[in-house]
Each structure stands twice: as structure tokens, then as C-alpha cells.
Amino acid sequence: MKRIPGATALSGLSRARRRALAGLALAGLALAGLAAPAAAQEKVKIGLVLSLSGPAATLGQQARDGFNLAVKDLGGKMAGREVEVIVIDDELKPDVAVTKVKGLLERDKVDFVVGPIFSNILLAIEKPIVESQTFLISPNAGPSSLAGKNCSPYFFVTSYQNDQVHQVLGKVAQERGYKRVFILVPNYQAGKDAAAGFKIDYKGEVTEESYVPLNTLDFQAELSLIAQQNPDAVFTFMPGGMGVNLVKQYKQAGLADRIPFLSAFTVDESTLPAQQDAAVGLFGGANWAPNLDLPQNKKFVTEYEADYGGKVPGTYAFQAYDAGMLIDSAVRATKGDLSNKEAVKAALKKADFTSLRGPFKFNTNNYPIQDFYLVKVAKRPDGKYQTEIAQKVFSNFGDQFAQYCPAGN
Amino acid sequence: MTLTLALVQILNGVQFGLILFLIAAGLTIVFGVMDFINLAHGVQYMVGAYLMAAFTALTGSFWLGLVLALPSALLIGLILEMLVFRHLYARDHLAHVLATFGVIIFLNQAVKLAFGAAPLSVPVPQALAGAVTLAPGLLYPVYRLVMIGAGLLVGLLLYVTVNHTRLGMLVRAGASNAPMVSALGVNIRLLFTIVFGVGAMLAGFAGAMVAPILSVEPGMGDNVLILAFVVIVIGGIGSIRGAFIAAVLIGLTDTLGRFFAPTLLRAVLDPAAASQTGRALAPMLIYILMAAVLFFRPTGLFPVRR
């Protein structure tokens, strides 16, 4: 018979020692029970999981700064408890993110996790976080896979369901009567989702669906094709550095003044400092813009620019700020007692805070129901660039996946 | 599809190829002459772009920026050579790869600390900002034509220097048999330093030239490094002529592949399948080309005689 080492070790313990161990465990539980009232005076611990290195670092930095600004506006306290923010860098690598998140959960024992920026990181860290019954609030990533039947009562989103942004631009193309549209997206899942999202409401002709490899540097071949086909509009989704390249080259090819440029995640406050004049007049889709005319938003934009080197906040910063205010609303509603998970859950779900975007409530899948706008890039009188609201496209708009989320979530 | 469009796409391909040539030229001389694998060549290209961004912002002029960026790129290349690379020439390729990979990480992080992670931009100089009309509705940016000119000029200068000057003769001799050149009383160490400096400056020049059309960001050199290696492998390591022809070949294959593959496949497949296959096939074409060249000419198209 094979001897199993583990079993041997256990059976090797005398009965008395096992009882002693059990006793110790009980004592530990009792001590934990005793410590509970003291917990109310402990800090509220919040872990931020963001991409802070690599090419996408600006997005993570915006979210971090936005969240810190929320904590600062709250005076560093939520319901009288001090707030401790632990920032970790997921390095845009799912495996690194999971390892570091386990540290947050097991070593730091955080009450909330806020993050991440990218959907692929979210899909990796969501399970360990919600399974440990810790609340996860995404300030940016809103994949469809967690909006439908895999929704979780511990997972909240303060941004949007990704497809909605593409849908905004499709709706605009349809409403403006564009007959022929050229679609240009990178060849990976998010690019395909973008093209599909655009086509939900757009019913006209697609002259070409051009898929370029990720990290394409030079779009001259595609731009020549666009110039030749002369469509009514171009729809694109080119995040990060690719978007900077595309926008500059689009302008240089003389297309910016001729063919409307409808884009998602291509022109925003994280890329505008590099795109500058080349991006002026181009369109994007968003749930907010820095010039949204609400008192709380004006205060936020002014403070953010004053505190973080004059940078204009983008959606990443504002959604993280809202995540901070959302957490505060739940801590206040439960009077700082975060041990009752059901109460915290119910309080989060109410979304009883003043969002910078105005009307905000959670759908059944804990994704927002909110307004969406067409935004246009403009140069401000002080020489900085920002997106500005051009028109409202959807009001109180919830995503199409919520209906698949089981009731009672 | 019109003939004009096809011609424009060929022009695009040549133009992309010339950017690749600017990057690969320095790499192929350093690899060929010194037998030194410099993975850090890509970050030297990035450093060139950052210097360009910094100096144009500082002086407000593209030309002054370029004039300042080039010697700075040379200087940084020489400092790197003295601090790091010089001590590796006698070692094997693994040591080269490890140390220069370290330099990549170091410099990527250094520019991020100095300039931040957000992409920077360099405006196109006013005089070159417009576009010329090649055919009705088909505009071509002037700056791109200037890049074609710059690529051709650099190619010509290098060709003349390597093949028709005394320095070039020593470089070629050093590539064939360095100890013998040294025994004939030539300071081979100085020669290597010059070669390395020129290589670094060429990479910096490429970076400075692309800064107005591409985003300047940390890690921008890592993408082009692979393409540059493909170029020098196809062209034959150490051969300027090979690098030139291979770069243009790759530029054309990549651009025309992206453009024609879906269109041609549509003739035999239904549109959805054609566009699916086309977009899968296009990025592979340059590697298929490389595999084919290596199969028939294992030392590249223009191998350097040893």
C-alpha cells in the first residue's frame, strides 16, 4: 500500500494534540469575535488595481488621481473612518494582476477593490475577488461577459458596458443619414466587438471593414483606400498609441476636413496631449465630458487640473472619482459597519451619491443606466485640448445584456 | 479599384520600407562589422524620437530640433558604448543579448521617468505640412515624400561612404577580419566606436524623422526592432545594399499585402471569408517572405563575403 505523506502526518498527531489544536482554533475565533467592535475604528481599506506601467500607464494614472481626489474631497474619511488606499500596478498582465490581487485580499484584507482599466485584467481578477465576498468596482472596464448571465452581486461598474460607446456612434451615423461608412478597427476581440456594436443601430452600407494588426504604426495604406472610396464617414476604434498615429496621419492625409471621423476610445484626454490640433473637430462617444455643465463637475475639473499638473481629466479620472463617492455612500449608509455584506450590497446598489455625470443608477446587472453623448474635440482658450459635448444621443440608456442577468442579483 | 490607387499603395509601400531602412541600416552595420547583437537599437530609435520631441518643444522649431537631436543621439550612443557595450565585444552572443536587453528595460523606464508615460507629439514643420494631389481625391502628405527623400539620401550617403572612402574600406576590412586590420596598425577599437556611433545616430535619425507621424511613447522601439531584424536577416547581415533592398521589399509586401490580400481573395472566396482570411494572411506575409528567402539563400540576399 502506498503511504500518503499528508495522511501519515495527520494520523501521527495524537488525539490529545488534535484536541488542543481544535481548542486553539476556537480561541482564535473567539478573539476574532472580541476584536469585531474595535474594527469600526479601523481604517476602510481600498485596493486600487490599475495599469500604471507600459504604454497604457496614462489611463491608470488618471484613474488613480481621480480616485485620490475623491478621497481628498471626503477629507480622507468615510463615515468617520479613516481611508487607506493601497495602489497596485497590474502591469497589464493578467497573471501579475491575479497574484497581486490575492495579496490585497489575503494580506491587506481590503474592504473594496477598485479597478482595473482593461477588460482582460478584469476577467482574470473578478472571480477571486467576488468569491472572497469583497466588493469590486470597475472604474473603466465593462465587458459584456460580466454583464449578462455571469453578473455578480459583488461586482459594480461606474463606467459603461463597452459596446454602448460604439453603439452611440452607430446611432449618430444612422441619424445623420450617412449612407456609406468605412470601418477601421484592430484585428482582435475588442476590435470585432467595436464593429459589431457600431452596426447595432447603423443600417447603411459598410464600404469596407478593415482590420489592421494590433500595434500598427502606419495607416497610410488604409488612408489611401479611404480617400479613394470617399465614404460619408469613418468609424474607428484605435486605443492608445495607435489612435495617436491614426489621428495624426488622418489629418496629414487631408481627410480630417473632408470625411467625418467617428471614433471610440481614440480621441480622449489621455491621447489629446499628443494628438493636439490634428484631433480638433473629430468625434467620440462618451458618458461624460469635462465641459458637462454641472456644478459638481466644474468643481471636479478645476480641482483635478490644479492638483495634477494641469492635466485635463478624462473619463478614466471621472469614473474613478465616482467609484470613490459610490464607496463613501455605502460606508455612510451602513454607518461604517462593513461586516454585514448584505447591507453594503444594498447600499451600493442604491447609488446614493451625486455623480459627476448627473443622473446615475444601477441596472439589474450593476452596470449603470445613464445618458450618452456625442463628443467633439476642441481647443480651449487656455491652449489645452478636451472633448466637449456635441449632442445627447441616448437618455437613461441601459445595456442589452442586463436582461440575461439572473433576478435578485 | 483604380490603377492610381494601386500606384499610391506602391508609393506607400516604398515609403514604409524606407522608414524600415533608416532603422535597419544602423543595426546591420553594427551587427555585420562588429558581430555584435544590439537589441538596444530599438530604444536608441526611441531616444532619437524623444530627443526630437524635447528639442522641438524647447526651440519651437523642427529644424533646430533635428540639428540638436542628432548629435545628442550620437552622444548617448557613444556613452552607452563606453559604459556597457565596449565590455561585451569579446563575449558571446548570449552576453550581448542579455546586456542589451537590460539596456532596453533601463531606457524605457528612464524616458518614462523623464517625460511621463503619455505619448508625446512633434508637429510637422509648417513648410512640409500640406498634401499634394496625386489624382483627383487622392492626397499625399508632403512630409511623407520628404521621408522618402531622406531615406534615399541616407542610403546613398552610406553606400558612398562604405564603398568609396578610406573609412569605408577599413570598416569593410574590419568586418572581414578584425584582428588582421588591427595587426596592420589600425586602431580597431576607435573604428568600432565610430561605427557604433554612426549606427546609434542613424537609429536616432530614424526616430526623429518618424516623430511627426507616429506617437512618441515608451516602448515604441520594441515593435520596430523585430521588423528591423527581419530586414537585416533577409538582406544579409552587414550589407547596406541588402538592408536597403530588403527594407523596400518588406515595406511593399506589408502594404500591398494588407491592401490586395482581401481584394484578391474576394475573387475566389465569399466576401466574409475573404476578409477573414485576408486579414489573417496579411501580417504573416513578411515572415513567409523571410522563411522563403532563408530557405533559398540562408545567408540572405546579399551576404557579406568573409
# chains A, B, ... in the order shown; residues from 1 in each chain; ligands from 1
$ interface_residues --of "chain A" --to "chain B" --cutoff "8 Å" --atoms "only C-alpha atoms" --output "ChimeraX atom specification"
/A:53-58,187,211-213,215,217-218,220-222,224-225,227-228,230,241-242,244-245,248-249,252-254,270-271,273-275
$ write_last_selection --atoms "N, CA, C and O atoms" --output "short mmCIF file (atom, residue, chain, number, x, y, z; two decimals), in the first residue's frame"
data_model
loop_
_atom_site.label_atom_id
_atom_site.label_comp_id
_atom_site.auth_asym_id
_atom_site.auth_seq_id
_atom_site.Cartn_x
_atom_site.Cartn_y
_atom_site.Cartn_z
N SER A 53 2.10 50.97 -15.55
CA SER A 53 3.34 50.96 -16.32
C SER A 53 3.01 50.49 -17.73
O SER A 53 1.91 50.01 -17.98
N GLY A 54 3.96 50.64 -18.62
CA GLY A 54 3.70 50.25 -20.01
C GLY A 54 3.00 51.36 -20.75
O GLY A 54 2.74 52.43 -20.21
N PRO A 55 2.68 51.09 -22.03
CA PRO A 55 2.16 52.15 -22.89
C PRO A 55 0.84 52.74 -22.40
O PRO A 55 0.51 53.86 -22.72
N ALA A 56 0.07 51.95 -21.64
CA ALA A 56 -1.25 52.43 -21.24
C ALA A 56 -1.24 53.09 -19.87
O ALA A 56 -2.28 53.30 -19.27
N ALA A 57 -0.05 53.43 -19.37
CA ALA A 57 0.06 53.91 -18.00
C ALA A 57 -0.75 55.18 -17.73
O ALA A 57 -1.25 55.38 -16.62
N THR A 58 -0.90 56.05 -18.74
CA THR A 58 -1.64 57.29 -18.50
C THR A 58 -3.07 57.02 -18.05
O THR A 58 -3.61 57.77 -17.25
N ASN A 187 -7.34 44.15 -35.35
CA ASN A 187 -7.77 42.77 -35.50
C ASN A 187 -7.62 41.98 -34.20
O ASN A 187 -6.70 41.20 -34.04
N TYR A 211 -9.52 45.46 -41.00
CA TYR A 211 -8.94 45.03 -39.74
C TYR A 211 -7.43 45.10 -39.84
O TYR A 211 -6.82 44.41 -40.65
N VAL A 212 -6.80 45.96 -39.04
CA VAL A 212 -5.35 46.08 -39.10
C VAL A 212 -4.75 45.34 -37.90
O VAL A 212 -5.41 45.18 -36.88
N PRO A 213 -3.50 44.86 -38.02
CA PRO A 213 -2.88 44.17 -36.89
C PRO A 213 -2.74 45.12 -35.69
O PRO A 213 -2.60 46.33 -35.87
N ASN A 215 -1.03 47.20 -32.84
CA ASN A 215 0.23 47.94 -32.87
C ASN A 215 0.66 48.34 -34.28
O ASN A 215 1.84 48.47 -34.55
N LEU A 217 1.65 50.77 -37.02
CA LEU A 217 2.27 52.09 -36.91
C LEU A 217 1.76 53.01 -38.00
O LEU A 217 1.48 54.17 -37.79
N ASP A 218 1.69 52.45 -39.21
CA ASP A 218 1.46 53.29 -40.36
C ASP A 218 0.14 52.92 -41.01
O ASP A 218 -0.06 51.78 -41.43
N GLN A 220 -1.11 54.51 -43.68
CA GLN A 220 -1.17 55.18 -44.97
C GLN A 220 -1.92 54.34 -46.01
O GLN A 220 -2.68 54.88 -46.81
N ALA A 221 -1.74 53.02 -45.96
CA ALA A 221 -2.43 52.16 -46.94
C ALA A 221 -3.95 52.28 -46.78
O ALA A 221 -4.68 52.41 -47.77
N GLU A 222 -4.40 52.24 -45.52
CA GLU A 222 -5.85 52.33 -45.28
C GLU A 222 -6.36 53.73 -45.63
O GLU A 222 -7.45 53.90 -46.17
N SER A 224 -5.23 55.79 -47.85
CA SER A 224 -5.36 55.94 -49.30
C SER A 224 -6.66 55.32 -49.79
O SER A 224 -7.33 55.87 -50.66
N LEU A 225 -6.99 54.17 -49.21
CA LEU A 225 -8.22 53.49 -49.59
C LEU A 225 -9.44 54.33 -49.22
O LEU A 225 -10.40 54.46 -49.99
N ALA A 227 -9.51 57.57 -48.88
CA ALA A 227 -9.57 58.73 -49.78
C ALA A 227 -10.19 58.34 -51.11
O ALA A 227 -10.98 59.09 -51.70
N GLN A 228 -9.87 57.13 -51.56
CA GLN A 228 -10.38 56.71 -52.85
C GLN A 228 -11.87 56.38 -52.80
O GLN A 228 -12.63 56.72 -53.68
N ASN A 230 -13.98 57.52 -50.59
CA ASN A 230 -14.70 58.72 -50.22
C ASN A 230 -16.04 58.44 -49.53
O ASN A 230 -17.09 58.84 -50.03
N GLY A 241 -1.64 54.45 -28.34
CA GLY A 241 -0.68 54.98 -29.31
C GLY A 241 -1.13 54.81 -30.75
O GLY A 241 -0.87 55.66 -31.60
N MET A 242 -1.87 53.71 -31.04
CA MET A 242 -2.38 53.51 -32.40
C MET A 242 -3.28 54.66 -32.79
O MET A 242 -3.26 55.13 -33.94
N VAL A 244 -3.16 57.71 -31.62
CA VAL A 244 -2.36 58.92 -31.84
C VAL A 244 -1.81 58.89 -33.27
O VAL A 244 -1.91 59.88 -34.00
N ASN A 245 -1.28 57.75 -33.67
CA ASN A 245 -0.75 57.63 -35.03
C ASN A 245 -1.83 57.88 -36.07
O ASN A 245 -1.64 58.64 -37.02
N LYS A 248 -3.06 61.60 -36.29
CA LYS A 248 -2.09 62.50 -36.93
C LYS A 248 -2.04 62.24 -38.44
O LYS A 248 -2.00 63.17 -39.24
N GLN A 249 -2.03 60.96 -38.80
CA GLN A 249 -1.90 60.63 -40.22
C GLN A 249 -3.18 60.96 -40.98
O GLN A 249 -3.14 61.32 -42.16
N GLN A 252 -2.89 64.57 -41.65
CA GLN A 252 -1.85 64.85 -42.65
C GLN A 252 -2.29 64.44 -44.05
O GLN A 252 -1.88 65.03 -45.04
N ALA A 253 -3.14 63.41 -44.13
CA ALA A 253 -3.60 62.96 -45.45
C ALA A 253 -4.69 63.88 -45.98
O ALA A 253 -5.25 63.63 -47.05
N GLY A 254 -5.03 64.91 -45.21
CA GLY A 254 -6.02 65.87 -45.66
C GLY A 254 -7.45 65.37 -45.57
O GLY A 254 -8.34 65.89 -46.23
N SER A 270 -6.58 61.35 -22.55
CA SER A 270 -5.29 60.69 -22.37
C SER A 270 -4.44 60.76 -23.64
O SER A 270 -3.22 60.72 -23.58
N THR A 271 -5.08 60.87 -24.80
CA THR A 271 -4.31 60.92 -26.04
C THR A 271 -4.23 62.33 -26.63
O THR A 271 -3.35 62.62 -27.42
N PRO A 273 -3.17 65.21 -25.49
CA PRO A 273 -1.92 65.96 -25.39
C PRO A 273 -0.94 65.62 -26.51
O PRO A 273 -0.09 66.44 -26.87
N ALA A 274 -1.04 64.41 -27.08
CA ALA A 274 -0.15 64.04 -28.19
C ALA A 274 -0.79 64.35 -29.55
O ALA A 274 -0.09 64.62 -30.52
N GLN A 275 -2.12 64.28 -29.64
CA GLN A 275 -2.77 64.48 -30.94
C GLN A 275 -2.94 65.96 -31.26
O GLN A 275 -2.85 66.37 -32.42
#
$ select_by_dssp --residues "segment 213-388 of chain A" --states "helix (DSSP H, G or I)" --output "PyMOL selection string"
chain A and resi 220-229+241-252+272-279+295-307+315-333+341-350
$ residues_around --residues "segment 36-52 of chain B" --least-positions-apart "3" --cutoff "7 Å" --atoms "only C-alpha atoms" --output "count of residues only"
32
$ residues_around --residues "Tyr287 of chain B" --least-positions-apart "6" --cutoff "12 Å" --atoms "only C-alpha atoms" --output "list of chain:residue names"
B:Ile226, B:Leu227, B:Phe229, B:Val230, B:Val231, B:Val233, B:Ile234, B:Leu249, B:Ile250, B:Thr253, B:Asp254, B:Leu281, B:Val293, B:Leu294
$ residues_around --residues "Asp111 of chain A" --least-positions-apart "6" --cutoff "12 Å" --atoms "only C-alpha atoms" --output "PyMOL selection string"
chain A and resi 39+42-48+83-86+104-105+129-130+132-137+154+327-328+330-331+336-341+344
$ closest_residue --among "A:Arg176, A:Arg357, A:Lys127, A:Lys379" --to "Leu272 of chain A" --atoms "only C-alpha atoms"
A:Lys379
